[in-house]
Amino acid sequence: MKLAGKVLKYYSRVIAECIPLFVTAGLLSVFSAGIFQNEHLYEMSKILSFLVIPVFMGYKAGTMCGGEVGGLAGTLAASVVVMAEPASAMILSVMVGSMAGFLCKRGLDRIKNWIPPGFEMLFCNLYLASLGLLAGGAAYVFVIPVAEWLLGFLGNGLSIMIDRGIIPFISFVVEPLKIIFFNNWINHGFFLPLGLEQLKTQGSSILFLLETNPGPGFGVLLAYTLVNRNMRKTMVSSLIIQSLGGIHEVYFPYVLSDIRLLAGAIAGSIAGNYCFMMTGSGLLGPASPGSIITILIMADKKHWLGIVMGIFVSAAVSCLLSCLILLGKREKPFIDKEKEQKGEEMPMKRMEHARVYFVCDAGMGSSAMASALFKKKLKLEGLAGVEVFHVSADRIPADADAVVCQKDFARFLTEIHVPCFTVDNLTDMSGYKELLNWLMGGG
C-alpha cells in the first residue's frame, strides 16, 4: 500500500507539472468552439492534447528519474508510444519515460569509465538514442496491448454506467479517495485519459466534472458556517477558496475530523452528477483547479446552465445533510487550548533566517495558497528573514528549516528530520500561532 501511494504521488507530480498545458489545450478548444469559431485553434488543441502533452510528460518523468539526460531518453520513448498508441499515450508516456530515464542514468554511470578518451560525446549520444528507442519499442510490444485492453475495459464500464444512468454513483469511490489526498490522481490520472478519449466521439465529457465539482465541499463548509456561529469569519475565506479558488483541500480536514460528513459530500456529489447527466453537461477539457470559474471557461456556453445547476444542487444536498449531522454534535472544532495559550506567550526574539516549506500532495494547490497567505502574515508580524516556499511531499529539500502540512497529511511525511508543524486547515491563518512562536525564538 505504501508503494502504491508513492507511485500515485509520483504520477500526480508529473501530471501537476503539465497542468498549464492541459489548461491551454482546454482554452483553445473553448475559443475554437465558441468565441472565434476557428478550426486551426481546434487543431492546435488536438496537437497539444495528443502529441505535445504526452511527449512532455515523458520528458518530465525521465528527468525525475535520470536528470536532464534521462529526460531526453524519456522524450524519445514517449514519442514512440504516441506514434504507436495515441489513445493511451497519456499514461504510457509516464511509464516509458520513467523507465528510459532510470536506465539512461544508471547505464551512463556504469559505462563512462569504459569509454575511450575523446569518444565520450559519441558514445553518450548513441547510448541515449538507442535506449530511448528501445524503451519505446518494449512498450509497443509488451505494455501497449495491456494498456489497450485496460483502457477499453474501463471505457466500456463507464459507457455501461452512463447508458444505465448509474454513473453518478461513482461518487462512492471518488469522494473517499479525495479526502485522503488522492484527488489529483483521480482527476488527472484516471478521468483525464478517459475523458480525452470521450471527447473524440462526443465533443465533451462529463468525466471532467466528476471530481472537479466544488459543490460537495462547498456544502460541507457552508454547513459548518451555519451551525457554528463562532467560525463564520474563518469559514468565509474557506468558502471563497473552495468555490472560486478551486482548492478543494480546504474541506478535507473538516470531513476527516468527523467522518460522518463524508455521507454529506457523497450525497451532494451524486446529486450533482445526476444533474450533469440529465442535462447532458460536459467540459471541453480538464478544469484545473476545480473552480466554478475554470469549469465554466472549459465548458461550451450551451452547457453553462446545466453545470451551474449541478453545482448548486450538489452544494445544497451536501449542506443539508451535513447540517443534520452537525446539529447532533455541536461543539467547537479545531481548537487546541494548549496551543492557543502557548501562542499568547510569544517571546519577541526573532530568528535571523529560516526556510519554511508548505507541503501538500502535488505542491500546487492548498500549499501554494497557504504559503502566499503566510507571507502576508509574516509582513504583519515583522519577520523579514523568513523565506516561504510550497512543494510536494516528495520534493522537500535538504535545506528546509521547517515544514508545514495539514494534520491528516503528516503521516505521509515519514522521512523528514526538521520540525514539522501541523494545522487543521492550511489556509486558516489563525492556526499558525505555534509556528510563529517558533520563528520568533520561542522554541
# chains A, B, ... in the order shown; residues from 1 in each chain; ligands from 1
call {"tool": "select_by_dssp", "arguments": {"residues": "stretch 166-334 of chain A", "states": "helix (DSSP H, G or I)", "output": "PyMOL selection string"}}
result
chain A and resi 167-202+207-210+215-227+229-245+248-257+261-278+292-297+301-327
call {"tool": "closest_residue", "arguments": {"among": "A:Thr212, A:Phe123, A:Cys65, A:Met429", "to": "A:Leu103", "atoms": "only C-alpha atoms"}}
result
A:Cys65
call {"tool": "atom_distance", "arguments": {"atom1": "atom CA of A:Gln242", "atom2": "atom CA of A:Ala25"}}
result
23.9 Å
call {"tool": "closest_residue", "arguments": {"among": "A:Ala402, A:Cys323, A:Ile166, A:Leu378", "to": "A:Thr225", "atoms": "only C-alpha atoms"}}
result
A:Cys323
call {"tool": "residues_around", "arguments": {"residues": "A:Leu324", "least_positions_apart": "3", "cutoff": "10 Å", "atoms": "only C-alpha atoms", "output": "PyMOL selection string"}}
result
chain A and resi 223+227+261+264+319-321+327-329
call {"tool": "write_last_selection", "arguments": {"atoms": "N, CA, C and O atoms", "output": "PDB file, in the first residue's frame"}}
result
ATOM      1  N   ALA A 223     -22.257  24.237   5.750  1.00  0.00           N
ATOM      2  CA  ALA A 223     -22.910  23.655   6.921  1.00  0.00           C
ATOM      3  C   ALA A 223     -22.185  24.044   8.203  1.00  0.00           C
ATOM      4  O   ALA A 223     -22.809  24.389   9.210  1.00  0.00           O
ATOM      5  N   VAL A 227     -23.946  26.179  11.238  1.00  0.00           N
ATOM      6  CA  VAL A 227     -24.140  25.528  12.537  1.00  0.00           C
ATOM      7  C   VAL A 227     -23.255  26.153  13.614  1.00  0.00           C
ATOM      8  O   VAL A 227     -23.672  26.324  14.759  1.00  0.00           O
ATOM      9  N   LEU A 261     -19.442  13.275   7.981  1.00  0.00           N
ATOM     10  CA  LEU A 261     -19.674  14.288   6.950  1.00  0.00           C
ATOM     11  C   LEU A 261     -19.356  13.779   5.550  1.00  0.00           C
ATOM     12  O   LEU A 261     -19.762  14.397   4.564  1.00  0.00           O
ATOM     13  N   GLY A 264     -22.426  13.399   3.626  1.00  0.00           N
ATOM     14  CA  GLY A 264     -22.930  14.614   3.001  1.00  0.00           C
ATOM     15  C   GLY A 264     -22.231  14.913   1.692  1.00  0.00           C
ATOM     16  O   GLY A 264     -22.870  15.286   0.700  1.00  0.00           O
ATOM     17  N   CYS A 319     -24.916  20.406   1.884  1.00  0.00           N
ATOM     18  CA  CYS A 319     -25.105  21.304   3.027  1.00  0.00           C
ATOM     19  C   CYS A 319     -26.234  20.815   3.930  1.00  0.00           C
ATOM     20  O   CYS A 319     -26.097  20.799   5.164  1.00  0.00           O
ATOM     21  N   LEU A 320     -27.341  20.409   3.338  1.00  0.00           N
ATOM     22  CA  LEU A 320     -28.495  19.970   4.126  1.00  0.00           C
ATOM     23  C   LEU A 320     -28.154  18.752   4.971  1.00  0.00           C
ATOM     24  O   LEU A 320     -28.419  18.727   6.181  1.00  0.00           O
ATOM     25  N   LEU A 321     -27.561  17.734   4.359  1.00  0.00           N
ATOM     26  CA  LEU A 321     -27.231  16.517   5.096  1.00  0.00           C
ATOM     27  C   LEU A 321     -26.132  16.788   6.131  1.00  0.00           C
ATOM     28  O   LEU A 321     -26.189  16.267   7.254  1.00  0.00           O
ATOM     29  N   LEU A 327     -25.749  19.147  13.628  1.00  0.00           N
ATOM     30  CA  LEU A 327     -26.681  19.562  14.673  1.00  0.00           C
ATOM     31  C   LEU A 327     -26.767  18.541  15.802  1.00  0.00           C
ATOM     32  O   LEU A 327     -27.133  18.885  16.930  1.00  0.00           O
ATOM     33  N   GLY A 328     -26.420  17.309  15.518  1.00  0.00           N
ATOM     34  CA  GLY A 328     -26.421  16.279  16.553  1.00  0.00           C
ATOM     35  C   GLY A 328     -25.156  16.274  17.381  1.00  0.00           C
ATOM     36  O   GLY A 328     -25.044  15.553  18.370  1.00  0.00           O
ATOM     37  N   LYS A 329     -24.182  17.092  16.982  1.00  0.00           N
ATOM     38  CA  LYS A 329     -22.904  17.126  17.702  1.00  0.00           C
ATOM     39  C   LYS A 329     -22.330  18.528  17.600  1.00  0.00           C
ATOM     40  O   LYS A 329     -21.390  18.800  16.871  1.00  0.00           O
TER      41      LYS A 329
END
call {"tool": "residues_around", "arguments": {"residues": "A:Ile111", "least_positions_apart": "5", "cutoff": "12 Å", "atoms": "only C-alpha atoms", "output": "PyMOL selection string"}}
result
chain A and resi 103-106+116+120+123-124+127
call {"tool": "write_last_selection", "arguments": {"atoms": "N, CA, C and O atoms", "output": "mmCIF file, in the first residue's frame"}}
result
data_model
loop_
_atom_site.group_PDB
_atom_site.id
_atom_site.type_symbol
_atom_site.label_atom_id
_atom_site.label_comp_id
_atom_site.auth_asym_id
_atom_site.auth_seq_id
_atom_site.Cartn_x
_atom_site.Cartn_y
_atom_site.Cartn_z
ATOM 1 N N LEU A 103 17.085 3.959 -16.604
ATOM 2 C CA LEU A 103 18.112 3.137 -17.235
ATOM 3 C C LEU A 103 19.220 3.980 -17.855
ATOM 4 O O LEU A 103 20.390 3.593 -17.834
ATOM 5 N N CYS A 104 18.841 5.137 -18.394
ATOM 6 C CA CYS A 104 19.843 6.007 -19.010
ATOM 7 C C CYS A 104 20.830 6.517 -17.964
ATOM 8 O O CYS A 104 22.042 6.467 -18.164
ATOM 9 N N LYS A 105 20.308 6.973 -16.852
ATOM 10 C CA LYS A 105 21.159 7.491 -15.790
ATOM 11 C C LYS A 105 22.071 6.400 -15.229
ATOM 12 O O LYS A 105 23.289 6.583 -15.096
ATOM 13 N N ARG A 106 21.476 5.257 -14.885
ATOM 14 C CA ARG A 106 22.270 4.173 -14.318
ATOM 15 C C ARG A 106 23.260 3.612 -15.322
ATOM 16 O O ARG A 106 24.406 3.265 -14.977
ATOM 17 N N PRO A 116 36.536 5.144 -24.415
ATOM 18 C CA PRO A 116 37.866 5.666 -24.767
ATOM 19 C C PRO A 116 37.875 7.190 -24.755
ATOM 20 O O PRO A 116 36.875 7.827 -25.105
ATOM 21 N N GLU A 120 33.588 10.301 -25.696
ATOM 22 C CA GLU A 120 32.520 10.395 -24.687
ATOM 23 C C GLU A 120 31.205 10.896 -25.290
ATOM 24 O O GLU A 120 30.143 10.307 -25.062
ATOM 25 N N PHE A 123 29.600 8.231 -27.734
ATOM 26 C CA PHE A 123 29.026 7.080 -27.037
ATOM 27 C C PHE A 123 27.769 7.473 -26.249
ATOM 28 O O PHE A 123 26.782 6.738 -26.250
ATOM 29 N N CYS A 124 27.835 8.610 -25.593
ATOM 30 C CA CYS A 124 26.683 9.044 -24.791
ATOM 31 C C CYS A 124 25.465 9.312 -25.665
ATOM 32 O O CYS A 124 24.341 8.913 -25.326
ATOM 33 N N TYR A 127 24.150 5.964 -26.971
ATOM 34 C CA TYR A 127 23.504 5.226 -25.881
ATOM 35 C C TYR A 127 22.128 5.823 -25.566
ATOM 36 O O TYR A 127 21.144 5.097 -25.417
#
call {"tool": "select_by_dssp", "arguments": {"residues": "stretch 169-381 of chain A", "states": "strand (DSSP E or B)", "output": "NGL selection string"}}
result
:A and (205 or 283 or 354-360)
call {"tool": "residues_around", "arguments": {"residues": "A:Asn125", "least_positions_apart": "3", "cutoff": "12 Å", "atoms": "only C-alpha atoms", "output": "PyMOL selection string"}}
result
chain A and resi 69-70+72-73+104+108+119-122+128-132
call {"tool": "residues_around", "arguments": {"residues": "A:Phe312", "least_positions_apart": "4", "cutoff": "9 Å", "atoms": "only C-alpha atoms", "output": "list in words"}}
result
Gly215, Gly272, Ile307, Val308, Ala316 and Val317 of chain A
call {"tool": "residues_around", "arguments": {"residues": "A:Val418", "least_positions_apart": "3", "cutoff": "10 Å", "atoms": "only C-alpha atoms", "output": "CSV table (one decimal) with N, CA, C and O atoms, in the first residue's frame"}}
result
chain,number,residue,atom,x,y,z
A,398,ALA,N,16.7,19.5,1.2
A,398,ALA,CA,17.5,19.2,2.4
A,398,ALA,C,17.8,20.5,3.2
A,398,ALA,O,18.1,20.4,4.4
A,399,ASP,N,17.7,21.7,2.6
A,399,ASP,CA,18.0,22.9,3.3
A,399,ASP,C,16.8,23.5,4.1
A,399,ASP,O,16.8,24.6,4.6
A,400,ALA,N,15.7,22.7,4.2
A,400,ALA,CA,14.5,23.2,4.9
A,400,ALA,C,14.7,23.3,6.3
A,400,ALA,O,15.3,22.4,6.9
A,401,ASP,N,14.3,24.4,7.0
A,401,ASP,CA,14.3,24.5,8.4
A,401,ASP,C,13.1,24.1,9.1
A,401,ASP,O,13.1,23.7,10.3
A,402,ALA,N,12.0,24.1,8.4
A,402,ALA,CA,10.7,23.6,9.0
A,402,ALA,C,9.7,23.3,7.8
A,402,ALA,O,9.8,23.9,6.7
A,403,VAL,N,8.8,22.4,8.1
A,403,VAL,CA,7.8,22.1,7.1
A,403,VAL,C,6.4,22.3,7.8
A,403,VAL,O,6.3,22.1,9.0
A,415,GLU,N,10.0,10.7,6.5
A,415,GLU,CA,11.5,10.7,6.4
A,415,GLU,C,12.0,12.1,6.5
A,415,GLU,O,13.1,12.4,5.9
A,421,PHE,N,5.3,21.3,11.5
A,421,PHE,CA,4.1,22.0,12.2
A,421,PHE,C,2.9,21.6,11.4
A,421,PHE,O,2.8,21.7,10.2
call {"tool": "atom_distance", "arguments": {"atom1": "atom CA of A:Val146", "atom2": "atom CA of A:Met64"}}
result
24.9 Å
call {"tool": "closest_residue", "arguments": {"among": "A:Leu426, A:Leu439, A:Ile297, A:Ala287", "to": "A:Gly382", "atoms": "only C-alpha atoms"}}
result
A:Leu439
call {"tool": "atom_distance", "arguments": {"atom1": "atom CA of A:Leu326", "atom2": "atom CA of A:Val255"}}
result
11.1 Å
call {"tool": "decode", "arguments": {"residues": "stretch 32-180 of chain A", "atoms": "C-alpha atoms", "output": "tab-separated table (two decimals), in the first residue's frame"}}
result
chain	number	residue	atom	x	y	z
A	32	SER	CA	-12.36	27.39	-31.32
A	33	ALA	CA	-15.87	26.16	-30.49
A	34	GLY	CA	-17.44	29.33	-29.13
A	35	ILE	CA	-15.62	32.64	-29.34
A	36	PHE	CA	-13.56	32.55	-32.55
A	37	GLN	CA	-15.05	29.56	-34.44
A	38	ASN	CA	-11.60	28.75	-35.82
A	39	GLU	CA	-10.69	25.25	-36.96
A	40	HIS	CA	-6.95	25.97	-36.68
A	41	LEU	CA	-7.31	26.63	-32.95
A	42	TYR	CA	-9.10	23.31	-32.61
A	43	GLU	CA	-6.28	21.54	-34.43
A	44	MET	CA	-3.79	23.21	-32.09
A	45	SER	CA	-5.70	21.91	-29.07
A	46	LYS	CA	-5.64	18.37	-30.52
A	47	ILE	CA	-1.90	18.57	-31.15
A	48	LEU	CA	-1.37	19.73	-27.58
A	49	SER	CA	-3.58	17.02	-26.07
A	50	PHE	CA	-2.47	14.02	-28.09
A	51	LEU	CA	1.13	14.84	-29.02
A	52	VAL	CA	2.82	17.65	-27.09
A	53	ILE	CA	1.47	16.81	-23.63
A	54	PRO	CA	2.28	13.06	-23.70
A	55	VAL	CA	5.79	13.74	-25.02
A	56	PHE	CA	6.37	16.43	-22.40
A	57	MET	CA	5.12	14.05	-19.71
A	58	GLY	CA	7.66	11.50	-20.90
A	59	TYR	CA	10.36	14.18	-20.64
A	60	LYS	CA	9.32	15.19	-17.11
A	61	ALA	CA	9.17	11.56	-15.96
A	62	GLY	CA	12.59	10.86	-17.45
A	63	THR	CA	14.02	13.99	-15.82
A	64	MET	CA	12.73	12.98	-12.40
A	65	CYS	CA	14.33	9.56	-12.70
A	66	GLY	CA	17.52	10.40	-14.58
A	67	GLY	CA	18.16	14.12	-14.71
A	68	GLU	CA	18.35	16.11	-17.95
A	69	VAL	CA	19.89	13.21	-19.89
A	70	GLY	CA	17.15	10.92	-18.65
A	71	GLY	CA	14.59	13.49	-19.80
A	72	LEU	CA	15.90	13.26	-23.35
A	73	ALA	CA	15.66	9.46	-23.28
A	74	GLY	CA	12.14	9.76	-21.87
A	75	THR	CA	11.18	12.10	-24.71
A	76	LEU	CA	12.31	9.57	-27.32
A	77	ALA	CA	10.47	6.73	-25.60
A	78	ALA	CA	7.28	8.78	-25.26
A	79	SER	CA	7.47	9.73	-28.95
A	80	VAL	CA	7.39	6.06	-29.93
A	81	VAL	CA	4.36	5.49	-27.70
A	82	VAL	CA	2.48	8.48	-29.14
A	83	MET	CA	3.01	7.24	-32.69
A	84	ALA	CA	2.03	3.69	-31.80
A	85	GLU	CA	-0.94	4.20	-29.48
A	86	PRO	CA	-2.13	7.80	-29.06
A	87	ALA	CA	-5.28	6.82	-27.14
A	88	SER	CA	-3.43	5.62	-24.03
A	89	ALA	CA	-0.26	7.68	-24.53
A	90	MET	CA	-1.12	9.89	-21.55
A	91	ILE	CA	-0.40	7.08	-19.09
A	92	LEU	CA	2.14	5.11	-21.10
A	93	SER	CA	4.41	8.08	-21.72
A	94	VAL	CA	4.99	8.43	-17.98
A	95	MET	CA	5.76	4.72	-17.66
A	96	VAL	CA	8.24	4.51	-20.52
A	97	GLY	CA	9.71	7.93	-19.74
A	98	SER	CA	10.45	6.84	-16.17
A	99	MET	CA	11.96	3.57	-17.34
A	100	ALA	CA	14.12	5.22	-20.01
A	101	GLY	CA	15.29	7.95	-17.63
A	102	PHE	CA	16.22	5.49	-14.90
A	103	LEU	CA	18.11	3.14	-17.23
A	104	CYS	CA	19.84	6.01	-19.01
A	105	LYS	CA	21.16	7.49	-15.79
A	106	ARG	CA	22.27	4.17	-14.32
A	107	GLY	CA	23.73	2.95	-17.59
A	108	LEU	CA	25.82	6.05	-18.24
A	109	ASP	CA	27.22	5.91	-14.73
A	110	ARG	CA	28.36	2.33	-15.34
A	111	ILE	CA	29.87	2.65	-18.84
A	112	LYS	CA	31.52	6.08	-18.59
A	113	ASN	CA	34.72	4.55	-17.24
A	114	TRP	CA	34.93	2.20	-20.25
A	115	ILE	CA	34.60	4.87	-22.93
A	116	PRO	CA	37.87	5.67	-24.77
A	117	PRO	CA	39.07	9.27	-24.32
A	118	GLY	CA	37.65	11.59	-26.96
A	119	PHE	CA	34.63	9.38	-27.71
A	120	GLU	CA	32.52	10.39	-24.69
A	121	MET	CA	30.03	12.55	-26.61
A	122	LEU	CA	29.62	10.00	-29.40
A	123	PHE	CA	29.03	7.08	-27.04
A	124	CYS	CA	26.68	9.04	-24.79
A	125	ASN	CA	24.55	10.25	-27.69
A	126	LEU	CA	24.36	6.78	-29.24
A	127	TYR	CA	23.50	5.23	-25.88
A	128	LEU	CA	20.81	7.81	-25.19
A	129	ALA	CA	19.20	7.47	-28.62
A	130	SER	CA	19.24	3.67	-28.66
A	131	LEU	CA	17.95	3.39	-25.11
A	132	GLY	CA	15.06	5.79	-25.76
A	133	LEU	CA	14.01	3.87	-28.86
A	134	LEU	CA	14.39	0.51	-27.13
A	135	ALA	CA	12.23	1.66	-24.22
A	136	GLY	CA	9.55	2.81	-26.64
A	137	GLY	CA	9.83	-0.47	-28.57
A	138	ALA	CA	9.49	-2.51	-25.38
A	139	ALA	CA	6.36	-0.57	-24.50
A	140	TYR	CA	5.00	-1.19	-28.01
A	141	VAL	CA	5.48	-4.95	-27.70
A	142	PHE	CA	4.66	-5.61	-24.05
A	143	VAL	CA	2.82	-2.67	-22.47
A	144	ILE	CA	0.60	-1.18	-25.15
A	145	PRO	CA	-1.54	-4.34	-25.65
A	146	VAL	CA	-2.26	-4.48	-21.91
A	147	ALA	CA	-2.99	-0.74	-21.82
A	148	GLU	CA	-5.37	-1.06	-24.78
A	149	TRP	CA	-7.29	-3.81	-23.01
A	150	LEU	CA	-7.42	-1.96	-19.69
A	151	LEU	CA	-8.48	1.34	-21.27
A	152	GLY	CA	-11.14	-0.48	-23.28
A	153	PHE	CA	-12.39	-2.29	-20.18
A	154	LEU	CA	-12.65	0.93	-18.17
A	155	GLY	CA	-14.21	2.78	-21.07
A	156	ASN	CA	-16.82	0.06	-21.58
A	157	GLY	CA	-17.56	0.05	-17.87
A	158	LEU	CA	-18.10	3.81	-17.85
A	159	SER	CA	-20.21	3.59	-21.01
A	160	ILE	CA	-22.43	1.00	-19.32
A	161	MET	CA	-22.75	3.24	-16.26
A	162	ILE	CA	-23.70	6.18	-18.47
A	163	ASP	CA	-26.19	4.16	-20.54
A	164	ARG	CA	-27.85	2.73	-17.44
A	165	GLY	CA	-27.87	6.04	-15.64
A	166	ILE	CA	-25.71	4.92	-12.72
A	167	ILE	CA	-22.54	6.91	-13.32
A	168	PRO	CA	-23.48	9.37	-10.53
A	169	PHE	CA	-22.83	6.59	-8.01
A	170	ILE	CA	-19.13	6.60	-8.85
A	171	SER	CA	-19.07	9.23	-6.09
A	172	PHE	CA	-18.94	6.37	-3.57
A	173	VAL	CA	-15.36	5.87	-4.78
A	174	VAL	CA	-14.36	9.42	-5.75
A	175	GLU	CA	-15.21	11.29	-2.55
A	176	PRO	CA	-13.46	8.92	-0.07
A	177	LEU	CA	-10.33	8.94	-2.23
A	178	LYS	CA	-10.40	12.74	-2.48
A	179	ILE	CA	-10.28	13.36	1.26
A	180	ILE	CA	-7.23	11.12	1.65
